file target-v1.txt (compact mmCIF, C-alpha atoms)
# COMPACT_ATOMS: atom_id res chain seq x y z
CA MET M 1457 -46.87 -51.65 -168.47
CA ILE M 1458 -43.29 -51.35 -167.23
CA ARG M 1459 -43.03 -49.01 -164.23
CA HIS M 1460 -39.64 -47.35 -164.46
CA LEU M 1461 -37.71 -45.43 -161.82
CA LEU M 1462 -34.84 -43.41 -163.31
CA LEU M 1463 -32.11 -41.96 -161.08
CA SER M 1464 -30.53 -39.03 -162.88
CA GLY M 1465 -28.08 -36.24 -162.16
CA GLY M 1466 -24.50 -35.34 -161.37
CA PRO M 1467 -21.62 -33.29 -162.80
CA THR M 1468 -19.88 -33.16 -166.20
CA HIS M 1469 -22.71 -34.77 -168.20
CA GLU M 1470 -26.04 -33.64 -169.67
CA PHE M 1471 -28.07 -35.92 -167.42
CA ALA M 1472 -31.31 -33.93 -167.52
CA THR M 1473 -31.29 -34.07 -171.31
CA THR M 1474 -30.25 -37.71 -171.68
CA SER M 1475 -32.67 -38.92 -169.01
CA GLY M 1476 -35.47 -37.11 -170.79
CA LEU M 1477 -34.44 -38.67 -174.09
CA LEU M 1478 -34.42 -42.12 -172.50
CA ALA M 1479 -37.82 -41.62 -170.89
CA ASP M 1480 -39.30 -40.44 -174.18
CA LEU M 1481 -37.74 -43.34 -176.08
CA LEU M 1482 -39.11 -45.92 -173.65
CA THR M 1483 -42.61 -44.44 -173.64
CA ASP M 1484 -43.11 -45.93 -177.10
CA HIS M 1485 -42.23 -49.34 -175.67
CA GLY M 1486 -44.77 -49.47 -172.85
CA VAL M 1487 -42.69 -47.86 -170.14
CA THR M 1488 -43.92 -45.22 -167.70
CA THR M 1489 -41.02 -43.31 -166.15
CA THR M 1490 -40.56 -41.38 -162.93
CA ILE M 1491 -37.30 -39.42 -162.70
CA VAL M 1492 -35.61 -38.62 -159.38
CA THR M 1493 -32.33 -36.78 -158.89
CA GLU M 1494 -31.19 -37.97 -155.45
CA PRO M 1495 -30.09 -41.51 -154.58
CA ALA M 1496 -31.93 -41.26 -151.25
CA ASP M 1497 -35.15 -40.52 -153.13
CA ALA M 1498 -34.66 -43.60 -155.28
CA GLY M 1499 -34.17 -45.65 -152.12
CA ALA M 1500 -37.35 -44.22 -150.63
CA VAL M 1501 -39.36 -45.10 -153.74
CA LEU M 1502 -38.02 -48.66 -153.72
CA ARG M 1503 -38.79 -49.06 -150.00
CA ALA M 1504 -42.33 -47.80 -150.52
CA ALA M 1505 -42.78 -50.26 -153.37
CA GLU M 1506 -41.38 -53.03 -151.21
CA ASP M 1507 -43.66 -52.41 -148.23
CA GLY M 1508 -46.76 -51.70 -150.30
CA THR M 1509 -47.13 -48.02 -149.40
CA GLY M 1510 -46.11 -46.90 -152.90
CA GLU M 1511 -46.48 -48.02 -156.48
CA ALA M 1512 -44.55 -51.04 -157.67
CA VAL M 1513 -41.33 -50.59 -159.64
CA ASP M 1514 -40.31 -52.98 -162.41
CA LEU M 1515 -37.15 -51.31 -163.73
CA LEU M 1516 -34.53 -49.08 -162.12
CA THR M 1517 -32.17 -47.14 -164.37
CA VAL M 1518 -29.12 -45.32 -163.04
CA ASN M 1519 -28.14 -42.58 -165.47
CA ALA M 1520 -26.22 -40.57 -162.92
CA LEU M 1521 -22.79 -39.75 -161.52
CA ARG M 1522 -22.89 -39.63 -157.74
CA TRP M 1523 -20.01 -40.59 -155.47
CA ARG M 1524 -18.03 -39.13 -152.55
CA MET M 1525 -15.86 -37.05 -154.89
CA ASP M 1526 -12.77 -37.51 -152.73
CA GLN M 1527 -10.50 -36.62 -155.64
CA GLU M 1528 -9.12 -33.11 -155.23
CA ARG M 1529 -10.02 -32.05 -158.74
CA TYR M 1530 -13.69 -32.38 -157.82
CA ALA M 1531 -13.46 -30.39 -154.58
CA HIS M 1532 -15.31 -27.41 -156.05
CA GLN M 1533 -18.29 -29.63 -156.98
CA ARG M 1534 -18.66 -31.61 -153.75
CA ALA M 1535 -21.23 -29.32 -152.19
CA ASP M 1536 -23.58 -29.81 -155.12
CA HIS M 1537 -22.99 -33.42 -156.12
CA ALA M 1538 -21.08 -35.51 -153.55
CA VAL M 1539 -23.03 -38.32 -151.94
CA VAL M 1540 -22.42 -41.28 -149.68
CA LEU M 1541 -25.19 -43.78 -150.28
CA ASP M 1542 -26.76 -45.00 -147.06
CA THR M 1543 -26.35 -48.72 -146.43
CA ALA M 1544 -30.13 -49.05 -146.17
CA ASP M 1545 -30.53 -47.59 -149.66
CA LEU M 1546 -27.91 -49.99 -151.01
CA ALA M 1547 -29.66 -52.87 -149.30
CA VAL M 1548 -33.10 -52.06 -150.73
CA LEU M 1549 -31.58 -51.64 -154.19
CA ASP M 1550 -29.93 -55.04 -153.85
CA ARG M 1551 -33.19 -56.62 -152.67
CA PHE M 1552 -35.08 -55.00 -155.52
CA VAL M 1553 -32.90 -56.74 -158.10
CA ARG M 1554 -32.48 -60.06 -156.33
CA THR M 1555 -36.23 -60.47 -155.83
CA GLY M 1556 -37.00 -59.93 -159.50
CA GLY M 1557 -36.51 -56.28 -160.43
CA GLY M 1558 -34.71 -55.09 -163.53
CA LEU M 1559 -31.67 -52.81 -163.44
CA LEU M 1560 -30.20 -50.77 -166.29
CA ALA M 1561 -26.81 -49.31 -165.33
CA LEU M 1562 -25.78 -46.68 -167.89
CA HIS M 1563 -22.34 -45.23 -168.58
CA THR M 1564 -21.33 -43.40 -165.38
CA ALA M 1565 -23.34 -45.81 -163.21
CA VAL M 1566 -20.17 -47.86 -162.78
CA ILE M 1567 -18.52 -44.81 -161.18
CA CYS M 1568 -21.38 -44.27 -158.75
CA PHE M 1569 -21.24 -45.19 -155.08
CA ASP M 1570 -17.45 -45.54 -154.88
CA ALA M 1571 -17.23 -49.17 -156.02
CA ASP M 1572 -19.26 -50.32 -153.02
CA PRO M 1573 -19.19 -54.14 -153.16
CA VAL M 1574 -22.99 -54.39 -153.32
CA TRP M 1575 -23.20 -52.01 -156.26
CA HIS M 1576 -20.16 -53.50 -157.98
CA THR M 1577 -21.69 -56.97 -157.79
CA LEU M 1578 -24.96 -55.77 -159.30
CA CYS M 1579 -23.26 -53.94 -162.18
CA GLY M 1580 -20.51 -56.49 -162.73
CA ALA M 1581 -17.90 -53.74 -162.92
CA SER M 1582 -16.75 -50.53 -161.30
CA TRP M 1583 -14.41 -47.64 -162.01
CA ASN M 1584 -10.93 -47.94 -160.56
CA TRP M 1585 -9.50 -44.47 -159.97
CA GLU M 1586 -5.96 -45.83 -160.19
CA ARG M 1587 -6.23 -47.24 -163.71
CA SER M 1588 -9.62 -46.81 -165.38
CA THR M 1589 -9.72 -44.31 -168.22
CA HIS M 1590 -11.34 -43.37 -171.49
CA PRO M 1591 -10.22 -41.62 -174.69
CA PRO M 1592 -11.60 -38.14 -175.39
CA LEU M 1593 -15.24 -37.92 -176.41
CA GLY M 1594 -15.46 -38.86 -180.08
CA PRO M 1595 -16.31 -41.65 -182.51
CA VAL M 1596 -16.34 -45.09 -180.85
CA ALA M 1597 -16.23 -48.17 -183.10
CA VAL M 1598 -18.59 -50.70 -181.50
CA ASP M 1599 -18.48 -54.37 -182.47
CA VAL M 1600 -21.11 -57.02 -181.76
CA THR M 1601 -19.54 -60.13 -180.24
CA ALA M 1602 -20.43 -63.73 -181.01
CA ALA M 1603 -22.47 -63.78 -177.78
CA GLY M 1604 -24.09 -60.53 -178.84
CA ARG M 1605 -25.25 -62.03 -182.12
CA ARG M 1606 -27.25 -64.57 -180.08
CA HIS M 1607 -28.58 -62.33 -177.28
CA PRO M 1608 -32.02 -60.62 -177.47
CA LEU M 1609 -30.42 -57.24 -176.71
CA THR M 1610 -28.23 -57.23 -179.79
CA THR M 1611 -29.24 -60.03 -182.13
CA GLY M 1612 -29.62 -58.86 -185.71
CA LEU M 1613 -27.93 -55.53 -185.05
CA PRO M 1614 -24.85 -54.38 -186.97
CA SER M 1615 -21.60 -53.10 -185.58
CA PHE M 1616 -21.73 -49.31 -185.48
CA SER M 1617 -19.91 -46.09 -184.66
CA VAL M 1618 -21.28 -43.61 -182.12
CA GLU M 1619 -20.05 -40.38 -180.54
CA ASP M 1620 -19.36 -41.43 -176.97
CA GLU M 1621 -16.76 -42.20 -174.33
CA ALA M 1622 -15.39 -45.73 -174.33
CA TYR M 1623 -14.60 -46.70 -170.74
CA ALA M 1624 -11.55 -48.90 -170.36
CA PHE M 1625 -9.62 -50.87 -167.76
CA LEU M 1626 -12.49 -51.13 -165.28
CA ASP M 1627 -12.54 -53.66 -162.48
CA THR M 1628 -14.82 -56.28 -164.03
CA ASP M 1629 -16.20 -59.53 -162.71
CA PRO M 1630 -14.94 -62.64 -164.52
CA ASP M 1631 -18.45 -63.90 -165.29
CA ILE M 1632 -19.56 -61.04 -167.53
CA GLU M 1633 -20.02 -61.99 -171.18
CA PRO M 1634 -19.67 -58.90 -173.39
CA LEU M 1635 -22.31 -58.36 -176.07
CA LEU M 1636 -20.61 -55.23 -177.42
CA VAL M 1637 -16.91 -54.38 -177.34
CA THR M 1638 -14.51 -51.71 -178.56
CA ALA M 1639 -10.75 -51.71 -179.04
CA HIS M 1640 -8.28 -49.01 -178.03
CA ASP M 1641 -5.03 -48.61 -176.12
CA GLY M 1642 -3.95 -52.07 -177.20
CA ALA M 1643 -6.88 -53.93 -175.65
CA THR M 1644 -10.48 -54.92 -176.29
CA HIS M 1645 -12.94 -53.51 -173.75
CA PRO M 1646 -16.50 -54.63 -172.96
CA LEU M 1647 -19.23 -52.04 -173.50
CA LEU M 1648 -22.44 -54.00 -172.86
CA TRP M 1649 -23.41 -57.12 -170.96
CA ALA M 1650 -26.56 -58.61 -169.47
CA ARG M 1651 -27.03 -61.26 -166.81
CA ALA M 1652 -29.26 -62.59 -164.08
CA VAL M 1653 -28.60 -61.51 -160.49
CA GLY M 1654 -30.73 -63.51 -158.11
CA GLN M 1655 -34.23 -63.50 -159.59
CA GLY M 1656 -33.63 -60.19 -161.36
CA ARG M 1657 -31.92 -59.12 -164.55
CA VAL M 1658 -29.22 -56.49 -164.98
CA VAL M 1659 -28.05 -54.74 -168.14
CA THR M 1660 -24.82 -52.75 -167.87
CA ASP M 1661 -24.32 -50.39 -170.81
CA LEU M 1662 -21.14 -48.31 -170.72
CA LEU M 1663 -22.30 -46.14 -173.61
CA GLY M 1664 -24.45 -43.07 -173.04
CA HIS M 1665 -22.23 -40.05 -172.47
CA GLY M 1666 -24.44 -37.50 -174.20
CA PRO M 1667 -27.50 -36.89 -176.37
CA ALA M 1668 -25.79 -38.17 -179.54
CA SER M 1669 -25.44 -41.61 -177.98
CA PHE M 1670 -29.13 -41.81 -177.03
CA ALA M 1671 -30.18 -40.55 -180.47
CA HIS M 1672 -28.11 -43.12 -182.37
CA PRO M 1673 -30.65 -45.55 -183.88
CA THR M 1674 -28.75 -48.73 -183.04
CA HIS M 1675 -28.01 -47.69 -179.48
CA ALA M 1676 -31.60 -46.51 -179.06
CA SER M 1677 -32.79 -49.94 -180.18
CA ILE M 1678 -30.52 -51.58 -177.61
CA LEU M 1679 -31.86 -49.35 -174.83
CA ALA M 1680 -35.44 -50.23 -175.72
CA ARG M 1681 -34.60 -53.92 -175.82
CA ALA M 1682 -32.79 -53.61 -172.48
CA ALA M 1683 -35.92 -52.29 -170.76
CA THR M 1684 -37.98 -55.15 -172.14
CA TRP M 1685 -35.41 -57.86 -171.45
CA ALA M 1686 -34.60 -56.70 -167.93
CA THR M 1687 -38.27 -56.79 -166.97
CA GLY M 1688 -39.20 -60.03 -168.68
CA GLY M 1689 -40.94 -58.53 -171.70
CA ARG M 1690 -43.90 -56.61 -170.24
CA THR M 1691 -45.03 -53.93 -172.74
CA THR M 1692 -48.19 -51.81 -173.03
CA PRO M 1693 -48.65 -48.14 -173.98
CA ALA M 1694 -47.76 -45.86 -171.08
CA ALA M 1695 -46.92 -42.28 -170.14
CA THR M 1696 -43.93 -40.43 -168.78
CA THR M 1697 -43.93 -38.46 -165.53
CA ARG M 1698 -41.10 -36.54 -163.94
CA SER M 1699 -40.70 -35.52 -160.33
CA PRO M 1700 -39.44 -32.02 -159.52
CA ALA M 1701 -35.65 -31.70 -159.56

call {"tool": "encode", "arguments": {"input": "target-v1.txt", "output": "structure tokens"}}
result
Amino acid sequence: MIRHLLLSGGPTHEFATTSGLLADLLTDHGVTTTIVTEPADAGAVLRAAEDGTGEAVDLLTVNALRWRMDQERYAHQRADHAVVLDTADLAVLDRFVRTGGGLLALHTAVICFDADPVWHTLCGASWNWERSTHPPLGPVAVDVTAAGRRHPLTTGLPSFSVEDEAYAFLDTDPDIEPLLVTAHDGATHPLLWARAVGQGRVVTDLLGHGPASFAHPTHASILARAATWATGGRTTPAATTRSPA
């Protein structure tokens, strides 16, 4: 059984719906999911797992959009969604991965936590408010790279088109090896990569804007493989639970 903690929530996306779709998808692959909607709650669950007062966690997914929201255009949403992640929560998240936990960072995860160096290092990329962008929501042509044809997350899968947002011009670490890419605005942009961080494994998947992305059969297959790969392949039938929002 894979014990899965899913951090969900934030503005401008259908996080409640997509997190539910992800939890339901992973149930069929031996994953039991607990959904929380506050970063501090995720930190508390990880600390309890770490000190033995709570259940163990194998996989953490961030399907959320939580940051300080300093940009003026988000001023009207700050009261409901702005967050500054406590350094202790960042530290326990970092320890979770580096001591063997799995992390799945989806779509807006690279915008979370204001490009904090700890979070950036785990994800391998972060949003740069000066230059990062994406085309309008619409069809994204996704190509499997040569590395992707060899990697367990994407081997045997075809290139595909999905309704999504293709993030571009992020600040990315030089060691990421894209498994999926897309081309627009005169450049090729990574969409998916996977790597070891300490003793843990991290999958960063920039797809996942809305329900159509999670329902796409090829992307759904990648998400299921990501849960298995990031946790070393543990699978048994399991159930889904959700905490109150």

call {"tool": "closest_residue", "arguments": {"input": "target-v1.txt", "among": "M:Thr1493, M:Ser1677, M:Thr1543, M:Thr1577", "to": "Asn1519 in chain M", "atoms": "all atoms listed in the file"}}
result
M:Thr1493

call {"tool": "residues_around", "arguments": {"input": "target-v1.txt", "residues": "range 1655-1665 of chain M", "least_positions_apart": "5", "cutoff": "7 Å", "atoms": "all atoms listed in the file", "output": "list in words"}}
result
His1469, Val1553, Arg1554, Thr1555, Gly1556, Gly1557, Gly1558, Leu1559, Leu1560, Ala1561, Leu1562, His1563, Cys1579, Asp1620, Glu1621, Ala1622, Tyr1623, Leu1647, Leu1648, Trp1649, Ala1650, Phe1670, Ala1682 and Ala1686 of chain M

call {"tool": "residues_around", "arguments": {"input": "target-v1.txt", "residues": "Ser1464 in chain M", "least_positions_apart": "2", "cutoff": "12 Å", "atoms": "only C-alpha atoms", "output": "PyMOL selection string"}}
result
chain M and resi 1461-1462+1466-1467+1469-1479+1489-1498+1516-1522+1537+1561-1565+1568+1698-1701

call {"tool": "closest_residue", "arguments": {"input": "target-v1.txt", "among": "M:Ala1512, M:Leu1578, M:Leu1626, M:Met1525", "to": "Asp1550 in chain M", "atoms": "only C-alpha atoms"}}
result
M:Leu1578

call {"tool": "closest_residue", "arguments": {"input": "target-v1.txt", "among": "M:Phe1625, M:Trp1575, M:Trp1523, M:Phe1616", "to": "Pro1591 in chain M", "atoms": "all atoms listed in the file"}}
result
M:Phe1625

call {"tool": "residues_around", "arguments": {"input": "target-v1.txt", "residues": "range 1499-1507 of chain M", "least_positions_apart": "2", "cutoff": "8 Å", "atoms": "all atoms listed in the file", "output": "ChimeraX atom specification"}}
result
/M:1495-1497,1509-1513,1544-1546,1548-1549,1552
